[in-house]
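Visitor: Dumping the structure here so I can ask a few things about it.
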Amino acid sequence: LMRTLAKSVSAIAMLLFFVLLCVVVFSALIYYAEQGTYHESCMCYLREDGSQSPFESIIAASWFCIVTMTTVGYGDVSPVTATGRVVATMCMVAGLIV
């Protein structure tokens, strides 16, 4: 087992690098796509329908990207804008490819 892991270290490192790169890129894209408008009164981003955006930061959006790329898909957070759905679809496909 240890010999197999030792021979696979470079492949595993490359896989983790690409997954991390995809998470960072798609987190930033989904954050800006689903951001909404900032309201000083509630100190949060609100969507067009008046609900609070769950993508409050790029770090918070990374949870969505990790769950989406690993095909777990809890459904606790989802995009509502057309641009956000396109980015989410690209994130799903990237998770399948990587």
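Starting from 1 in every chain, residues are counted up; chains themselves are A, B, ... following the order of the structure tokens, and ligands are numbered from 1 as listed.
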Between segment 32-88 of chain A and segment 5-19 of chain A, at 12 Å or less, what are the per-residue closest atom pairs and their distances in Å? Count only C-alpha atoms, order by chain and rising residue number, and return it as a Markdown table.

Guide:
| residue | atom | partner | partner_atom | distance |
| --- | --- | --- | --- | --- |
| A:Ser62 | CA | A:Val19 | CA | 11.5 |
| A:Cys65 | CA | A:Val19 | CA | 10.0 |
| A:Ile66 | CA | A:Val19 | CA | 8.7 |
| A:Val67 | CA | A:Val19 | CA | 11.9 |
| A:Thr68 | CA | A:Val19 | CA | 11.7 |
| A:Met69 | CA | A:Val19 | CA | 8.4 |
| A:Thr70 | CA | A:Val19 | CA | 9.7 |

Visitor: Please, which residues of segment 22-78 of chain A, numbered as in this document, come out helix (DSSP H, G or I) from DSSP, as a PyMOL selection string?

Guide: chain A and resi 22-33+58-69

Visitor: Go ahead and write the selection's residues with N, CA, C and O atoms as a compact mmCIF listing (two decimals), in the first residue's frame.

Guide:
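Contents of the output file out32.txt:
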# COMPACT_ATOMS: atom_id res chain seq x y z
N CYS A 22 -9.95 24.93 -9.82
CA CYS A 22 -11.34 25.03 -10.26
C CYS A 22 -12.23 25.62 -9.17
O CYS A 22 -13.11 26.43 -9.45
N VAL A 23 -12.01 25.22 -7.94
CA VAL A 23 -12.82 25.75 -6.83
C VAL A 23 -12.61 27.25 -6.70
O VAL A 23 -13.58 28.01 -6.55
N VAL A 24 -11.38 27.72 -6.79
CA VAL A 24 -11.11 29.15 -6.66
C VAL A 24 -11.76 29.93 -7.81
O VAL A 24 -12.42 30.95 -7.59
N VAL A 25 -11.58 29.45 -9.03
CA VAL A 25 -12.12 30.15 -10.20
C VAL A 25 -13.65 30.17 -10.17
O VAL A 25 -14.28 31.22 -10.31
N PHE A 26 -14.27 29.02 -9.96
CA PHE A 26 -15.73 28.97 -9.97
C PHE A 26 -16.35 29.66 -8.75
O PHE A 26 -17.46 30.18 -8.84
N SER A 27 -15.66 29.68 -7.63
CA SER A 27 -16.16 30.41 -6.46
C SER A 27 -16.22 31.90 -6.75
O SER A 27 -17.20 32.56 -6.41
N ALA A 28 -15.19 32.43 -7.38
CA ALA A 28 -15.19 33.85 -7.72
C ALA A 28 -16.28 34.15 -8.75
O ALA A 28 -17.00 35.16 -8.63
N LEU A 29 -16.43 33.29 -9.74
CA LEU A 29 -17.44 33.52 -10.77
C LEU A 29 -18.86 33.46 -10.21
O LEU A 29 -19.69 34.32 -10.52
N ILE A 30 -19.14 32.47 -9.38
CA ILE A 30 -20.49 32.35 -8.83
C ILE A 30 -20.78 33.47 -7.83
O ILE A 30 -21.90 33.96 -7.73
N TYR A 31 -19.75 33.93 -7.12
CA TYR A 31 -19.94 35.04 -6.19
C TYR A 31 -20.34 36.30 -6.95
O TYR A 31 -21.30 36.98 -6.57
N TYR A 32 -19.66 36.61 -8.02
CA TYR A 32 -19.98 37.82 -8.78
C TYR A 32 -21.27 37.67 -9.58
O TYR A 32 -21.98 38.64 -9.80
N ALA A 33 -21.60 36.46 -10.00
CA ALA A 33 -22.84 36.25 -10.75
C ALA A 33 -24.07 36.35 -9.84
O ALA A 33 -25.12 36.85 -10.26
N ILE A 58 -16.47 35.02 -1.41
CA ILE A 58 -15.89 33.98 -2.27
C ILE A 58 -15.65 32.72 -1.45
O ILE A 58 -15.82 31.61 -1.94
N ILE A 59 -15.31 32.88 -0.19
CA ILE A 59 -15.11 31.72 0.69
C ILE A 59 -16.42 30.97 0.88
O ILE A 59 -16.46 29.74 0.85
N ALA A 60 -17.52 31.71 1.08
CA ALA A 60 -18.82 31.06 1.23
C ALA A 60 -19.24 30.38 -0.06
O ALA A 60 -19.86 29.31 -0.04
N ALA A 61 -18.90 30.97 -1.19
CA ALA A 61 -19.23 30.38 -2.49
C ALA A 61 -18.40 29.12 -2.76
O ALA A 61 -18.81 28.26 -3.54
N SER A 62 -17.25 29.02 -2.11
CA SER A 62 -16.41 27.84 -2.32
C SER A 62 -17.10 26.58 -1.79
O SER A 62 -16.88 25.48 -2.33
N TRP A 63 -17.93 26.71 -0.76
CA TRP A 63 -18.69 25.56 -0.26
C TRP A 63 -19.58 25.01 -1.37
O TRP A 63 -19.63 23.80 -1.61
N PHE A 64 -20.29 25.90 -2.05
CA PHE A 64 -21.15 25.48 -3.16
C PHE A 64 -20.34 24.79 -4.24
O PHE A 64 -20.75 23.75 -4.77
N CYS A 65 -19.18 25.33 -4.56
CA CYS A 65 -18.35 24.76 -5.63
C CYS A 65 -17.80 23.38 -5.24
O CYS A 65 -17.79 22.46 -6.06
N ILE A 66 -17.37 23.22 -4.01
CA ILE A 66 -16.85 21.93 -3.57
C ILE A 66 -17.96 20.88 -3.60
O ILE A 66 -17.77 19.76 -4.10
N VAL A 67 -19.12 21.23 -3.09
CA VAL A 67 -20.24 20.29 -3.06
C VAL A 67 -20.70 19.96 -4.48
O VAL A 67 -21.03 18.82 -4.78
N THR A 68 -20.69 20.96 -5.36
CA THR A 68 -21.13 20.74 -6.74
C THR A 68 -20.11 19.92 -7.52
O THR A 68 -20.48 19.00 -8.26
N MET A 69 -18.82 20.22 -7.36
CA MET A 69 -17.80 19.50 -8.11
C MET A 69 -17.67 18.04 -7.67
O MET A 69 -17.32 17.17 -8.47

Visitor: Show which residues sit within 10 Å of Arg85 of chain A, as a PyMOL selection string. Count only C-alpha atoms, and ignore same-chain residues fewer than 5 positions away.

Guide: chain A and resi 30+33-34+78-80+90-91

Visitor: Please dump the current selection as an mmCIF file, in the first residue's frame; keep N, CA and C atoms.

Guide:
data_model
loop_
_atom_site.group_PDB
_atom_site.id
_atom_site.type_symbol
_atom_site.label_atom_id
_atom_site.label_comp_id
_atom_site.auth_asym_id
_atom_site.auth_seq_id
_atom_site.Cartn_x
_atom_site.Cartn_y
_atom_site.Cartn_z
ATOM 1 N N ILE A 30 -19.142 32.472 -9.376
ATOM 2 C CA ILE A 30 -20.493 32.353 -8.829
ATOM 3 C C ILE A 30 -20.777 33.473 -7.833
ATOM 4 N N ALA A 33 -21.602 36.460 -9.997
ATOM 5 C CA ALA A 33 -22.845 36.251 -10.747
ATOM 6 C C ALA A 33 -24.073 36.350 -9.842
ATOM 7 N N GLU A 34 -23.954 35.900 -8.608
ATOM 8 C CA GLU A 34 -25.099 35.845 -7.690
ATOM 9 C C GLU A 34 -25.058 36.928 -6.615
ATOM 10 N N SER A 78 -28.286 27.403 -3.876
ATOM 11 C CA SER A 78 -28.418 27.236 -5.326
ATOM 12 C C SER A 78 -28.499 28.602 -5.992
ATOM 13 N N PRO A 79 -27.971 28.712 -7.193
ATOM 14 C CA PRO A 79 -28.032 29.977 -7.914
ATOM 15 C C PRO A 79 -29.426 30.205 -8.492
ATOM 16 N N VAL A 80 -29.807 31.487 -8.627
ATOM 17 C CA VAL A 80 -31.122 31.804 -9.179
ATOM 18 C C VAL A 80 -31.031 32.606 -10.468
ATOM 19 N N MET A 90 -21.168 24.871 -15.555
ATOM 20 C CA MET A 90 -19.755 24.711 -15.904
ATOM 21 C C MET A 90 -18.982 24.077 -14.754
ATOM 22 N N CYS A 91 -19.341 24.431 -13.523
ATOM 23 C CA CYS A 91 -18.701 23.858 -12.341
ATOM 24 C C CYS A 91 -19.000 22.362 -12.238
#

Visitor: Quick one: residues within 12 Å of Met43 of chain A, only C-alpha atoms counted, chain neighbours fewer than 3 positions away excluded, as a ChimeraX atom specification?

Guide: /A:37-40,46,52-53,56

Visitor: Grab the residues selected above and save them as a CSV table (one decimal), in the first residue's frame with C-alpha atoms.

Guide:
chain,number,residue,atom,x,y,z
A,37,THR,CA,-27.1,44.5,-4.6
A,38,TYR,CA,-25.6,45.5,-1.3
A,39,HIS,CA,-27.9,47.2,1.2
A,40,GLU,CA,-26.5,49.1,4.1
A,46,LEU,CA,-30.0,41.0,-1.6
A,52,GLN,CA,-30.6,37.4,1.0
A,53,SER,CA,-27.9,36.0,-1.3
A,56,GLU,CA,-21.9,36.4,0.8

Visitor: For a test of reading the model, state the distance in Å between atom CA of Gly73 of chain A and atom CA of Met92 of chain A, rounded to one decimal.

Guide: 9.7 Å

Visitor: Running DSSP on the backbone, which parts of chain A land in strand (DSSP E), as a PyMOL selection string?

Guide: chain A and resi 37-39+44-46

Visitor: Between atom CA of Thr83 of chain A and atom CA of Gln35 of chain A, what distance in Å does the model show, to one decimal?

Guide: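 The value is 11.0 Å.
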